[in-house]
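Peer 1: Sharing a structure below in structure tokens format, with a few things to ask.
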Amino acid sequence: MELREIVFGAARAAAVRAAARLGVADVLGEDPATAGELAVALDAEPRALRRLLRALSCHGVFAETPDGRFRHTEMSRLLREDAPNSLRHISLWCTEPWTWQAWPLLTEAVRSGGHVFDTLYGKDFFSYLHHDAAESAQVFDRAMTASSRQSAEDVADLLDLSGVRHVADIGGGQGHVLASLLERNRVIRGTLLDLPEVVAQADPRLREGGALADRVRLVPGDARSRVPAGADLYIIKNILEWDDDSTRRTLRNVVAAARPGARVVVIENLVDDSPSMKFTTAMDLLLLLNVGGRKHTKESLVAHMTEAGLDVGEIQPVNAYLHAFHGSV
């Protein structure tokens, strides 16, 4: 029975996607409602909506009451747009149309060991995303923003900034982690490095006129080419997963830019020794398909950091999904 459920996993993912796109969690209030009542608000067919909700309820996403109504559960609330830890956009991102085209090619990817995305669309993943799939690109941006915001406070809780006066967030996206650190530590300065189009959309707190702008330098660039020098602490979060060459270049550039004794903290999802193994191993396979990348084991990440010239010390869990690798130059 368990294997039967696994091979029908696409139905479960599609059901979550449908509920997220319809906005079921947003229209369902604190009181249970019938599928018919929800269908009116959603402009959906009542019987089909009931079938969707019944399927989701089997997995704890919504629950059916004895009188045939549906109510929220802990998981269904995460599909609400206004939930503090909403997974709505991440749920959409992981089930975007291109994913349904890519997964059947996993056999070929395992045989070749490389990505197969260009076989589908004649171009690399990010070129396709930004030139041919504008809606999917927006979903990606929203999903990454939500994920970064949710982990930023966890990272800020973890890091000891004793003796640190300058933090550089390398490939830091919109700078949510950096902003959280600066808000908690009023004596430190920060540098945010990411691609020009990403830095242009940095957290409003970091941009001109923002509450933290006078302590931040926004640097457009690519960590694989050059890294700003002079920081006491370099943070590298969730960017060492595209391919081994990119990982090596990024780490070497950080070591070259840093002064002796500077701290380097690498934060990544792991595919070993993690309570989120089912999630991270799935992401690992998706990276194999779309960009030829991979998630790391503790051993592989320590090896990359050591090869780049870092002394690796403590490895700490940040939350159920992330680990922090503490290194020094």
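Residue numbers start at 1 in each chain; chains themselves are named A, B, ... in the order of the structure tokens; ligands are numbered from 1 in the order shown.
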Per residue of region 58-142 of chain A within 12 Å of region 186-208 of chain A, note the shortest atom pair and the distance in Å to one decimal, counting only C-alpha atoms, and order the rows by chain and increasing residue number, as a Markdown table.
Peer 2:
```
| residue | atom | partner | partner_atom | distance |
| --- | --- | --- | --- | --- |
| A:His130 | CA | A:Glu197 | CA | 11.4 |
| A:Asp141 | CA | A:Val198 | CA | 9.5 |
| A:Arg142 | CA | A:Gln201 | CA | 11.9 |
```
Peer 1: Next, the residues of the selection above should be written as a PDB file, in the first residue's frame with C-alpha atoms.
Peer 2:
```pdb
ATOM      1  CA  HIS A 130      13.463  34.533 -17.503  1.00  0.00           C
ATOM      2  CA  ASP A 141      11.076  34.947  -6.979  1.00  0.00           C
ATOM      3  CA  ARG A 142       8.170  34.866  -4.519  1.00  0.00           C
TER       4      ARG A 142
END
```
Peer 1: What's the 6 Å shell around Pro46 (chain A), counting only C-alpha atoms, without same-chain residues fewer than 2 positions away, as a list in words?
Peer 2: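 Here the answer would be Ala35, Gly36, Ala39, Ala48 and Leu49 of chain A.
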Peer 1: Each residue of region 207-248 of chain A with at least one atom at most 6 Å from region 289-298 of chain A should appear once, together with its nearest atom pair and the corresponding distance in Å (one decimal); atoms considered: only C-alpha atoms; ordering: chain, then increasing residue number; output as a tab-separated table.
Peer 2:
```
residue	atom	partner	partner_atom	distance
A:Glu241	CA	A:Arg294	CA	5.2
A:Trp242	CA	A:Gly293	CA	4.1
A:Asp243	CA	A:Gly293	CA	4.5
```
Peer 1: Suppose we keep C-alpha atoms; can you now write the selection as an mmCIF file, in the first residue's frame?
Peer 2:
```cif
data_model
loop_
_atom_site.group_PDB
_atom_site.id
_atom_site.type_symbol
_atom_site.label_atom_id
_atom_site.label_comp_id
_atom_site.auth_asym_id
_atom_site.auth_seq_id
_atom_site.Cartn_x
_atom_site.Cartn_y
_atom_site.Cartn_z
ATOM 1 C CA GLU A 241 24.324 23.751 -5.141
ATOM 2 C CA TRP A 242 24.433 24.583 -8.857
ATOM 3 C CA ASP A 243 27.519 22.609 -9.870
#
```
Peer 1: Could you tell me how far CA of Thr247 (chain A) sits from CA of His304 (chain A), in Å to one decimal place?
Peer 2: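 One can read the CA of His304 (chain A) to CA of Thr247 (chain A) distance as 7.6 Å.
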Peer 1: Can you pull out every residue from region 102-242 of chain A that DSSP, working from the backbone, puts in alpha helix (DSSP H), and format the result as a count of residues only?
Peer 2: 59
Peer 1: Find the residues near Asp311 (chain A): any atom within 9 Å, counting only C-alpha atoms, skip ones fewer than 3 places away on the same chain, and give them as a short mmCIF file (atom, residue, chain, number, x, y, z; two decimals) with C-alpha atoms, in the first residue's frame.
Peer 2:
```
data_model
loop_
_atom_site.label_atom_id
_atom_site.label_comp_id
_atom_site.auth_asym_id
_atom_site.auth_seq_id
_atom_site.Cartn_x
_atom_site.Cartn_y
_atom_site.Cartn_z
CA MET A 305 35.55 24.12 2.03
CA THR A 306 38.85 22.46 2.97
CA HIS A 326 31.65 27.33 10.48
CA GLY A 327 35.00 27.92 8.82
CA SER A 328 37.88 30.35 9.04
CA VAL A 329 40.50 31.59 6.59
#
```
Peer 1: Quick one: residues within 10 Å of Asp26 (chain A), only C-alpha atoms, excluding same-chain residues fewer than 6 positions away - as a compact mmCIF listing (two decimals) with all heavy atoms, in the first residue's frame?
Peer 2:
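This went into out.txt:
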```
# COMPACT_ATOMS: atom_id res chain seq x y z
N ALA A 19 -5.23 23.40 -5.05
CA ALA A 19 -5.78 24.13 -3.90
C ALA A 19 -5.10 25.48 -3.75
O ALA A 19 -5.76 26.48 -3.44
CB ALA A 19 -5.60 23.30 -2.64
N ALA A 20 -3.78 25.53 -3.99
CA ALA A 20 -3.06 26.80 -3.87
C ALA A 20 -3.47 27.78 -4.95
O ALA A 20 -3.67 28.97 -4.70
CB ALA A 20 -1.55 26.54 -3.93
N LEU A 42 -15.22 30.29 -4.84
CA LEU A 42 -14.07 30.01 -5.70
C LEU A 42 -14.44 29.91 -7.18
O LEU A 42 -13.55 29.72 -8.01
CB LEU A 42 -13.41 28.70 -5.26
CG LEU A 42 -12.81 28.68 -3.85
CD1 LEU A 42 -12.43 27.26 -3.47
CD2 LEU A 42 -11.60 29.60 -3.78
N SER A 76 -2.98 22.91 6.11
CA SER A 76 -3.76 23.71 5.16
C SER A 76 -3.58 25.20 5.41
O SER A 76 -3.61 26.01 4.48
CB SER A 76 -5.24 23.34 5.23
OG SER A 76 -5.82 23.71 6.46
N ARG A 77 -3.37 25.58 6.66
CA ARG A 77 -3.15 27.01 6.96
C ARG A 77 -1.88 27.53 6.29
O ARG A 77 -1.76 28.72 6.00
CB ARG A 77 -3.08 27.23 8.46
CG ARG A 77 -4.40 27.02 9.18
CD ARG A 77 -4.28 27.31 10.67
NE ARG A 77 -5.47 26.89 11.40
CZ ARG A 77 -6.60 27.60 11.46
NH1 ARG A 77 -6.67 28.77 10.86
NH2 ARG A 77 -7.63 27.14 12.15
N LEU A 79 -1.02 27.08 3.38
CA LEU A 79 -1.33 27.45 2.00
C LEU A 79 -2.00 28.82 1.91
O LEU A 79 -2.24 29.32 0.80
CB LEU A 79 -2.23 26.40 1.35
CG LEU A 79 -1.60 25.03 1.11
CD1 LEU A 79 -2.63 24.08 0.51
CD2 LEU A 79 -0.39 25.14 0.18
N ARG A 80 -2.27 29.43 3.05
CA ARG A 80 -2.86 30.77 3.04
C ARG A 80 -1.80 31.81 2.65
O ARG A 80 -0.65 31.73 3.07
CB ARG A 80 -3.43 31.12 4.41
CG ARG A 80 -4.69 30.35 4.79
CD ARG A 80 -5.24 30.84 6.13
NE ARG A 80 -5.60 32.27 6.05
CZ ARG A 80 -6.82 32.72 5.75
NH1 ARG A 80 -7.81 31.85 5.50
NH2 ARG A 80 -7.07 34.00 5.72
N GLU A 81 -2.20 32.77 1.87
CA GLU A 81 -1.29 33.83 1.45
C GLU A 81 -0.79 34.63 2.64
O GLU A 81 0.36 35.08 2.67
CB GLU A 81 -2.01 34.77 0.46
CG GLU A 81 -1.14 35.86 -0.14
CD GLU A 81 -0.24 35.35 -1.25
OE1 GLU A 81 -0.64 34.42 -1.96
OE2 GLU A 81 0.88 35.89 -1.41
N ASP A 82 -1.66 34.81 3.66
CA ASP A 82 -1.31 35.67 4.79
C ASP A 82 -0.72 34.91 5.97
O ASP A 82 -0.51 35.49 7.03
CB ASP A 82 -2.54 36.47 5.25
CG ASP A 82 -3.69 35.56 5.71
OD1 ASP A 82 -3.55 34.32 5.66
OD2 ASP A 82 -4.75 36.10 6.09
N ALA A 83 -0.44 33.63 5.82
CA ALA A 83 0.15 32.87 6.92
C ALA A 83 1.58 33.33 7.18
O ALA A 83 2.34 33.57 6.23
CB ALA A 83 0.14 31.38 6.60
```
Peer 1: Within region 39-193 of chain A, find each residue whose DSSP state, derived from the backbone, is strand (DSSP E), and express the selection as number ranges by chain.
Peer 2: A: 63-64, 70-71, 166-170, 189-193
Peer 1: Tell me which of A:Tyr321, A:Phe140, A:Phe125, A:Tyr234 sits closest to Asn253 (chain A), counting only C-alpha atoms.
Peer 2: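 Closest to Asn253 (chain A), using only C-alpha atoms: A:Tyr234.
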Peer 1: Got a sec: who's within 7 Å of Asp232 (chain A), counting only C-alpha atoms, leaving out chain neighbours fewer than 6 positions off, as an NGL selection string?
Peer 2: :A and (164-167 or 262-263)
Peer 1: Go ahead and save the residues from that selection, with all heavy atoms, as a PDB file, in the first residue's frame.
Peer 2:
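Result file is selection_29.pdb:
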```pdb
ATOM      1  N   VAL A 164      32.727  40.945  15.465  1.00  0.00           N
ATOM      2  CA  VAL A 164      32.457  41.192  14.046  1.00  0.00           C
ATOM      3  C   VAL A 164      32.000  42.638  13.857  1.00  0.00           C
ATOM      4  O   VAL A 164      31.103  43.107  14.555  1.00  0.00           O
ATOM      5  CB  VAL A 164      31.378  40.227  13.515  1.00  0.00           C
ATOM      6  CG1 VAL A 164      30.976  40.591  12.087  1.00  0.00           C
ATOM      7  CG2 VAL A 164      31.886  38.794  13.575  1.00  0.00           C
ATOM      8  N   ARG A 165      32.609  43.315  12.910  1.00  0.00           N
ATOM      9  CA  ARG A 165      32.211  44.682  12.575  1.00  0.00           C
ATOM     10  C   ARG A 165      31.686  44.807  11.157  1.00  0.00           C
ATOM     11  O   ARG A 165      31.023  45.773  10.816  1.00  0.00           O
ATOM     12  CB  ARG A 165      33.405  45.633  12.766  1.00  0.00           C
ATOM     13  CG  ARG A 165      33.809  45.823  14.216  1.00  0.00           C
ATOM     14  CD  ARG A 165      32.717  46.535  14.994  1.00  0.00           C
ATOM     15  NE  ARG A 165      33.044  46.708  16.413  1.00  0.00           N
ATOM     16  CZ  ARG A 165      32.692  45.864  17.361  1.00  0.00           C
ATOM     17  NH1 ARG A 165      31.981  44.776  17.036  1.00  0.00           N
ATOM     18  NH2 ARG A 165      33.003  46.071  18.622  1.00  0.00           N
ATOM     19  N   HIS A 166      31.988  43.820  10.320  1.00  0.00           N
ATOM     20  CA  HIS A 166      31.580  43.887   8.908  1.00  0.00           C
ATOM     21  C   HIS A 166      31.169  42.492   8.443  1.00  0.00           C
ATOM     22  O   HIS A 166      31.968  41.549   8.490  1.00  0.00           O
ATOM     23  CB  HIS A 166      32.729  44.425   8.055  1.00  0.00           C
ATOM     24  CG  HIS A 166      32.372  44.616   6.613  1.00  0.00           C
ATOM     25  ND1 HIS A 166      33.295  44.989   5.660  1.00  0.00           N
ATOM     26  CD2 HIS A 166      31.188  44.482   5.936  1.00  0.00           C
ATOM     27  CE1 HIS A 166      32.697  45.083   4.482  1.00  0.00           C
ATOM     28  NE2 HIS A 166      31.425  44.776   4.638  1.00  0.00           N
ATOM     29  N   VAL A 167      29.933  42.358   8.001  1.00  0.00           N
ATOM     30  CA  VAL A 167      29.399  41.093   7.493  1.00  0.00           C
ATOM     31  C   VAL A 167      29.149  41.226   6.002  1.00  0.00           C
ATOM     32  O   VAL A 167      28.544  42.198   5.546  1.00  0.00           O
ATOM     33  CB  VAL A 167      28.078  40.722   8.194  1.00  0.00           C
ATOM     34  CG1 VAL A 167      27.495  39.451   7.589  1.00  0.00           C
ATOM     35  CG2 VAL A 167      28.283  40.549   9.686  1.00  0.00           C
ATOM     36  N   ALA A 262      39.494  35.600   9.082  1.00  0.00           N
ATOM     37  CA  ALA A 262      38.083  35.917   8.848  1.00  0.00           C
ATOM     38  C   ALA A 262      37.246  34.650   8.929  1.00  0.00           C
ATOM     39  O   ALA A 262      37.697  33.554   8.588  1.00  0.00           O
ATOM     40  CB  ALA A 262      37.914  36.578   7.488  1.00  0.00           C
ATOM     41  N   ARG A 263      36.012  34.810   9.384  1.00  0.00           N
ATOM     42  CA  ARG A 263      35.095  33.683   9.508  1.00  0.00           C
ATOM     43  C   ARG A 263      34.261  33.545   8.236  1.00  0.00           C
ATOM     44  O   ARG A 263      33.877  34.538   7.618  1.00  0.00           O
ATOM     45  CB  ARG A 263      34.175  33.882  10.706  1.00  0.00           C
ATOM     46  CG  ARG A 263      34.884  33.819  12.049  1.00  0.00           C
ATOM     47  CD  ARG A 263      34.017  34.404  13.162  1.00  0.00           C
ATOM     48  NE  ARG A 263      32.693  33.784  13.206  1.00  0.00           N
ATOM     49  CZ  ARG A 263      31.682  34.281  13.910  1.00  0.00           C
ATOM     50  NH1 ARG A 263      31.827  35.406  14.601  1.00  0.00           N
ATOM     51  NH2 ARG A 263      30.509  33.660  13.914  1.00  0.00           N
TER      52      ARG A 263
END
```
Peer 1: How close does each residue of region 75-177 of chain A get to region 282-286 of chain A, giving the shortest atom pair and distance in Å to one decimal for every residue with an atom at most 12 Å away, counting only C-alpha atoms, sorted by chain and residue number, as a tab-separated table?
Peer 2:
```
residue	atom	partner	partner_atom	distance
A:Ile90	CA	A:Met283	CA	12.0
A:Trp93	CA	A:Met283	CA	11.7
A:Cys94	CA	A:Met283	CA	9.0
A:Thr95	CA	A:Leu286	CA	11.1
A:Trp98	CA	A:Leu286	CA	11.1
A:Thr99	CA	A:Leu286	CA	8.3
A:Trp100	CA	A:Leu286	CA	11.0
A:Gln101	CA	A:Leu286	CA	11.7
A:Ala102	CA	A:Leu286	CA	8.4
A:Trp103	CA	A:Leu286	CA	7.8
A:Pro104	CA	A:Leu286	CA	11.3
A:Leu105	CA	A:Leu286	CA	10.6
A:Leu106	CA	A:Leu285	CA	8.0
A:Thr107	CA	A:Leu285	CA	11.0
A:Ala109	CA	A:Leu285	CA	9.2
A:Val110	CA	A:Leu285	CA	9.3
A:Gly113	CA	A:Leu285	CA	10.8
A:Gly114	CA	A:Leu285	CA	10.9
A:His115	CA	A:Leu286	CA	9.3
A:Val116	CA	A:Leu286	CA	10.6
A:Phe117	CA	A:Leu286	CA	10.4
A:Phe125	CA	A:Leu286	CA	11.6
```
Peer 1: For Thr34 (chain A), work out the shell of residues within 10 Å, counting only C-alpha atoms and skipping chain neighbours fewer than 3 positions away, then give it as a VMD selection string.
Peer 2: chain A and resid 28 37 to 39 46 49 to 50 64 to 65 67 to 71
Peer 1: State, in Å with one decimal place, the distance from CA of Ile170 (chain A) to CA of Glu96 (chain A).
Peer 2: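 These atoms are spaced 27.7 Å apart.
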Peer 1: Excluding Leu251 (chain A) and any residue of its chain fewer than 6 positions from it, enumerate the residues within 12 Å of it, using only C-alpha atoms, and give them as a CSV table (one decimal) with all heavy atoms, in the first residue's frame.
Peer 2:
```
chain,number,residue,atom,x,y,z
A,170,ILE,N,27.1,36.8,0.7
A,170,ILE,CA,27.6,36.5,-0.6
A,170,ILE,C,26.4,35.7,-1.4
A,170,ILE,O,26.1,34.6,-0.9
A,170,ILE,CB,28.9,35.6,-0.6
A,170,ILE,CG1,29.9,36.4,0.1
A,170,ILE,CG2,29.3,35.4,-2.1
A,170,ILE,CD1,30.2,37.8,-0.4
A,171,GLY,N,25.9,36.2,-2.5
A,171,GLY,CA,24.8,35.6,-3.1
A,171,GLY,C,23.6,35.6,-2.2
A,171,GLY,O,22.8,34.7,-2.2
A,223,ALA,N,29.4,36.0,-7.6
A,223,ALA,CA,30.4,35.5,-6.6
A,223,ALA,C,31.4,34.5,-7.3
A,223,ALA,O,32.5,34.3,-6.8
A,223,ALA,CB,29.7,34.7,-5.5
A,224,ARG,N,31.0,34.0,-8.5
A,224,ARG,CA,31.9,33.1,-9.2
A,224,ARG,C,33.0,33.9,-9.9
A,224,ARG,O,34.0,33.3,-10.3
A,224,ARG,CB,31.2,32.3,-10.2
A,224,ARG,CG,30.2,31.3,-9.6
A,224,ARG,CD,29.3,30.7,-10.6
A,224,ARG,NE,28.4,31.7,-11.2
A,224,ARG,CZ,27.4,31.4,-12.1
A,224,ARG,NH1,27.2,30.2,-12.4
A,224,ARG,NH2,26.7,32.4,-12.6
A,225,SER,N,32.9,35.2,-9.9
A,225,SER,CA,33.9,36.1,-10.6
A,225,SER,C,34.7,36.9,-9.6
A,225,SER,O,35.9,36.9,-9.7
A,225,SER,CB,33.2,37.0,-11.6
A,225,SER,OG,32.5,36.3,-12.6
A,226,ARG,N,34.0,37.5,-8.6
A,226,ARG,CA,34.7,38.3,-7.6
A,226,ARG,C,33.9,38.5,-6.4
A,226,ARG,O,32.6,38.5,-6.5
A,226,ARG,CB,35.0,39.7,-8.3
A,226,ARG,CG,35.9,40.6,-7.4
A,226,ARG,CD,36.2,41.9,-8.1
A,226,ARG,NE,37.0,42.8,-7.3
A,226,ARG,CZ,37.4,44.0,-7.7
A,226,ARG,NH1,36.9,44.5,-8.8
A,226,ARG,NH2,38.1,44.7,-6.9
A,227,VAL,N,34.5,38.6,-5.3
A,227,VAL,CA,33.9,38.8,-4.0
A,227,VAL,C,34.5,40.0,-3.3
A,227,VAL,O,35.7,40.2,-3.3
A,227,VAL,CB,34.1,37.6,-3.1
A,227,VAL,CG1,33.7,37.8,-1.7
A,227,VAL,CG2,33.3,36.4,-3.7
A,234,TYR,N,31.9,36.2,6.4
A,234,TYR,CA,31.3,36.0,5.1
A,234,TYR,C,30.2,34.9,5.3
A,234,TYR,O,30.5,33.8,5.9
A,234,TYR,CB,32.3,35.5,4.1
A,234,TYR,CG,33.2,36.6,3.6
A,234,TYR,CD1,34.4,36.9,4.3
A,234,TYR,CD2,32.9,37.3,2.4
A,234,TYR,CE1,35.2,37.9,3.9
A,234,TYR,CE2,33.8,38.3,2.0
A,234,TYR,CZ,34.9,38.6,2.7
A,234,TYR,OH,35.7,39.6,2.3
A,235,ILE,N,29.0,35.2,4.8
A,235,ILE,CA,27.9,34.2,4.9
A,235,ILE,C,27.6,33.8,3.5
A,235,ILE,O,27.4,34.6,2.5
A,235,ILE,CB,26.6,34.9,5.5
A,235,ILE,CG1,26.9,35.3,6.9
A,235,ILE,CG2,25.5,33.9,5.5
A,235,ILE,CD1,25.8,36.1,7.6
A,236,ILE,N,27.5,32.5,3.3
A,236,ILE,CA,27.2,31.9,2.0
A,236,ILE,C,26.1,30.9,2.2
A,236,ILE,O,26.2,29.8,2.7
A,236,ILE,CB,28.4,31.1,1.4
A,236,ILE,CG1,29.7,32.0,1.4
A,236,ILE,CG2,28.1,30.7,-0.1
A,236,ILE,CD1,31.0,31.3,1.0
A,237,LYS,N,24.9,31.3,1.8
A,237,LYS,CA,23.7,30.5,2.1
A,237,LYS,C,23.0,30.0,0.8
A,237,LYS,O,22.6,30.8,0.0
A,237,LYS,CB,22.7,31.3,2.9
A,237,LYS,CG,21.4,30.6,3.3
A,237,LYS,CD,20.6,31.5,4.2
A,237,LYS,CE,19.2,30.9,4.5
A,237,LYS,NZ,18.4,31.0,3.3
A,239,ILE,N,23.8,28.7,-2.1
A,239,ILE,CA,24.2,29.0,-3.4
A,239,ILE,C,25.3,28.0,-3.9
A,239,ILE,O,25.8,28.1,-5.0
A,239,ILE,CB,24.7,30.4,-3.6
A,239,ILE,CG1,26.0,30.7,-2.8
A,239,ILE,CG2,23.6,31.4,-3.2
A,239,ILE,CD1,26.7,32.0,-3.1
A,240,LEU,N,25.7,27.1,-3.0
A,240,LEU,CA,26.7,26.1,-3.4
A,240,LEU,C,26.1,24.8,-3.9
A,240,LEU,O,26.6,23.7,-3.6
A,240,LEU,CB,27.7,25.9,-2.2
A,240,LEU,CG,28.4,27.1,-1.7
A,240,LEU,CD1,29.3,26.7,-0.6
A,240,LEU,CD2,29.1,27.9,-2.8
A,244,ASP,N,29.7,21.7,-9.2
A,244,ASP,CA,30.9,21.7,-8.4
A,244,ASP,C,31.9,22.8,-8.8
A,244,ASP,O,32.6,23.4,-8.0
A,244,ASP,CB,31.6,20.4,-8.6
A,244,ASP,CG,30.9,19.3,-7.7
A,244,ASP,OD1,30.1,19.6,-6.9
A,244,ASP,OD2,31.3,18.1,-7.9
A,245,ASP,N,31.9,23.2,-10.1
A,245,ASP,CA,32.8,24.2,-10.6
A,245,ASP,C,32.4,25.6,-10.0
A,245,ASP,O,33.3,26.3,-9.5
A,245,ASP,CB,32.8,24.3,-12.1
A,245,ASP,CG,33.7,25.4,-12.6
A,245,ASP,OD1,34.9,25.4,-12.4
A,245,ASP,OD2,33.2,26.4,-13.3
A,257,ALA,N,39.4,36.9,-1.0
A,257,ALA,CA,39.0,38.3,-0.6
A,257,ALA,C,39.1,38.5,0.9
A,257,ALA,O,39.3,39.7,1.3
A,257,ALA,CB,37.6,38.5,-1.1
A,258,ALA,N,39.1,37.5,1.6
A,258,ALA,CA,39.1,37.6,3.1
A,258,ALA,C,40.5,37.8,3.7
A,258,ALA,O,41.4,37.3,3.1
A,258,ALA,CB,38.4,36.4,3.7
A,264,VAL,N,34.0,32.3,7.9
A,264,VAL,CA,33.1,32.0,6.7
A,264,VAL,C,32.1,31.0,7.2
A,264,VAL,O,32.5,29.9,7.7
A,264,VAL,CB,34.0,31.4,5.5
A,264,VAL,CG1,33.0,31.0,4.4
A,264,VAL,CG2,35.0,32.4,5.1
A,265,VAL,N,30.8,31.3,7.1
A,265,VAL,CA,29.8,30.4,7.5
A,265,VAL,C,29.0,30.0,6.2
A,265,VAL,O,28.4,30.9,5.5
A,265,VAL,CB,28.8,31.1,8.5
A,265,VAL,CG1,27.7,30.1,8.8
A,265,VAL,CG2,29.6,31.4,9.8
A,266,VAL,N,29.0,28.7,5.9
A,266,VAL,CA,28.3,28.2,4.8
A,266,VAL,C,27.0,27.5,5.3
A,266,VAL,O,27.1,26.7,6.2
A,266,VAL,CB,29.1,27.2,4.0
A,266,VAL,CG1,28.3,26.5,2.9
A,266,VAL,CG2,30.4,27.8,3.4
A,301,LEU,N,30.6,18.8,1.5
A,301,LEU,CA,30.7,20.3,1.8
A,301,LEU,C,32.0,20.6,2.5
A,301,LEU,O,32.7,21.5,2.2
A,301,LEU,CB,29.5,20.8,2.5
A,301,LEU,CG,29.3,22.3,2.5
A,301,LEU,CD1,29.4,22.9,1.1
A,301,LEU,CD2,27.9,22.7,3.1
A,302,VAL,N,32.3,19.8,3.5
A,302,VAL,CA,33.6,19.9,4.2
A,302,VAL,C,34.7,19.8,3.3
A,302,VAL,O,35.7,20.6,3.3
A,302,VAL,CB,33.7,18.9,5.4
A,302,VAL,CG1,35.1,18.9,6.0
A,302,VAL,CG2,32.7,19.3,6.5
A,303,ALA,N,34.7,18.8,2.4
A,303,ALA,CA,35.8,18.6,1.4
A,303,ALA,C,35.9,19.9,0.5
A,303,ALA,O,37.1,20.3,0.3
A,303,ALA,CB,35.5,17.4,0.5
A,304,HIS,N,34.8,20.5,0.0
A,304,HIS,CA,34.9,21.7,-0.8
A,304,HIS,C,35.5,22.8,0.0
A,304,HIS,O,36.3,23.6,-0.5
A,304,HIS,CB,33.5,22.0,-1.3
A,304,HIS,CG,33.1,21.3,-2.6
A,304,HIS,ND1,33.8,21.4,-3.8
A,304,HIS,CD2,32.1,20.5,-2.8
A,304,HIS,CE1,33.2,20.7,-4.7
A,304,HIS,NE2,32.2,20.1,-4.1
A,305,MET,N,35.1,23.0,1.2
A,305,MET,CA,35.6,24.1,2.0
A,305,MET,C,37.0,23.9,2.3
A,305,MET,O,37.8,24.9,2.3
A,305,MET,CB,34.7,24.2,3.3
A,305,MET,CG,33.3,24.6,3.1
A,305,MET,SD,32.3,24.6,4.6
A,305,MET,CE,33.0,26.0,5.6
A,306,THR,N,37.4,22.7,2.7
A,306,THR,CA,38.8,22.5,3.0
A,306,THR,C,39.7,22.7,1.7
A,306,THR,O,40.8,23.3,1.8
A,306,THR,CB,39.0,21.0,3.5
A,306,THR,OG1,38.2,20.9,4.7
A,306,THR,CG2,40.5,20.7,3.9
A,307,GLU,N,39.3,22.2,0.6
A,307,GLU,CA,40.0,22.4,-0.6
A,307,GLU,C,40.2,23.8,-1.0
A,307,GLU,O,41.3,24.2,-1.5
A,307,GLU,CB,39.3,21.7,-1.8
A,307,GLU,CG,39.9,21.8,-3.2
A,307,GLU,CD,39.1,21.4,-4.3
A,307,GLU,OE1,37.9,21.1,-4.1
A,307,GLU,OE2,39.6,21.3,-5.4
A,308,ALA,N,39.3,24.7,-0.6
A,308,ALA,CA,39.4,26.1,-0.9
A,308,ALA,C,40.3,26.8,0.0
A,308,ALA,O,40.7,28.0,-0.2
A,308,ALA,CB,38.0,26.8,-0.8
A,309,GLY,N,40.7,26.2,1.1
A,309,GLY,CA,41.6,26.8,2.1
A,309,GLY,C,41.0,27.2,3.4
A,309,GLY,O,41.6,28.0,4.1
A,310,LEU,N,39.9,26.7,3.7
A,310,LEU,CA,39.2,27.0,5.0
A,310,LEU,C,39.4,25.9,6.0
A,310,LEU,O,39.5,24.7,5.7
A,310,LEU,CB,37.7,27.1,4.7
A,310,LEU,CG,37.2,28.3,3.9
A,310,LEU,CD1,35.8,28.2,3.5
A,310,LEU,CD2,37.4,29.6,4.7
A,327,GLY,N,33.6,28.0,9.3
A,327,GLY,CA,35.0,27.9,8.8
A,327,GLY,C,35.7,29.2,9.1
A,327,GLY,O,35.2,30.2,9.4
A,328,SER,N,37.1,29.2,8.9
A,328,SER,CA,37.9,30.4,9.0
A,328,SER,C,39.0,30.3,8.0
A,328,SER,O,39.4,29.2,7.6
A,328,SER,CB,38.5,30.5,10.5
A,328,SER,OG,39.3,29.4,10.7
A,329,VAL,N,39.4,31.5,7.6
A,329,VAL,CA,40.5,31.6,6.6
A,329,VAL,C,41.9,31.5,7.3
A,329,VAL,O,42.1,32.3,8.2
A,329,VAL,CB,40.3,32.9,5.8
A,329,VAL,CG1,41.5,33.1,4.8
A,329,VAL,CG2,39.0,33.0,5.2
```
Peer 1: Mind giving me the straight-line distance from CA of Met277 (chain A) to CA of Leu181 (chain A) in Å, one decimal?
Peer 2: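 For CA of Met277 (chain A) relative to CA of Leu181 (chain A), the distance reads 28.2 Å.
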Peer 1: In terms of the shortest atom-to-atom distance over only C-alpha atoms, which of A:Val312, A:Cys58, A:Ala146, A:Leu120 is closest to Pro84 (chain A)?
Peer 2: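 So, comparing all the options, the nearest one is A:Ala146.
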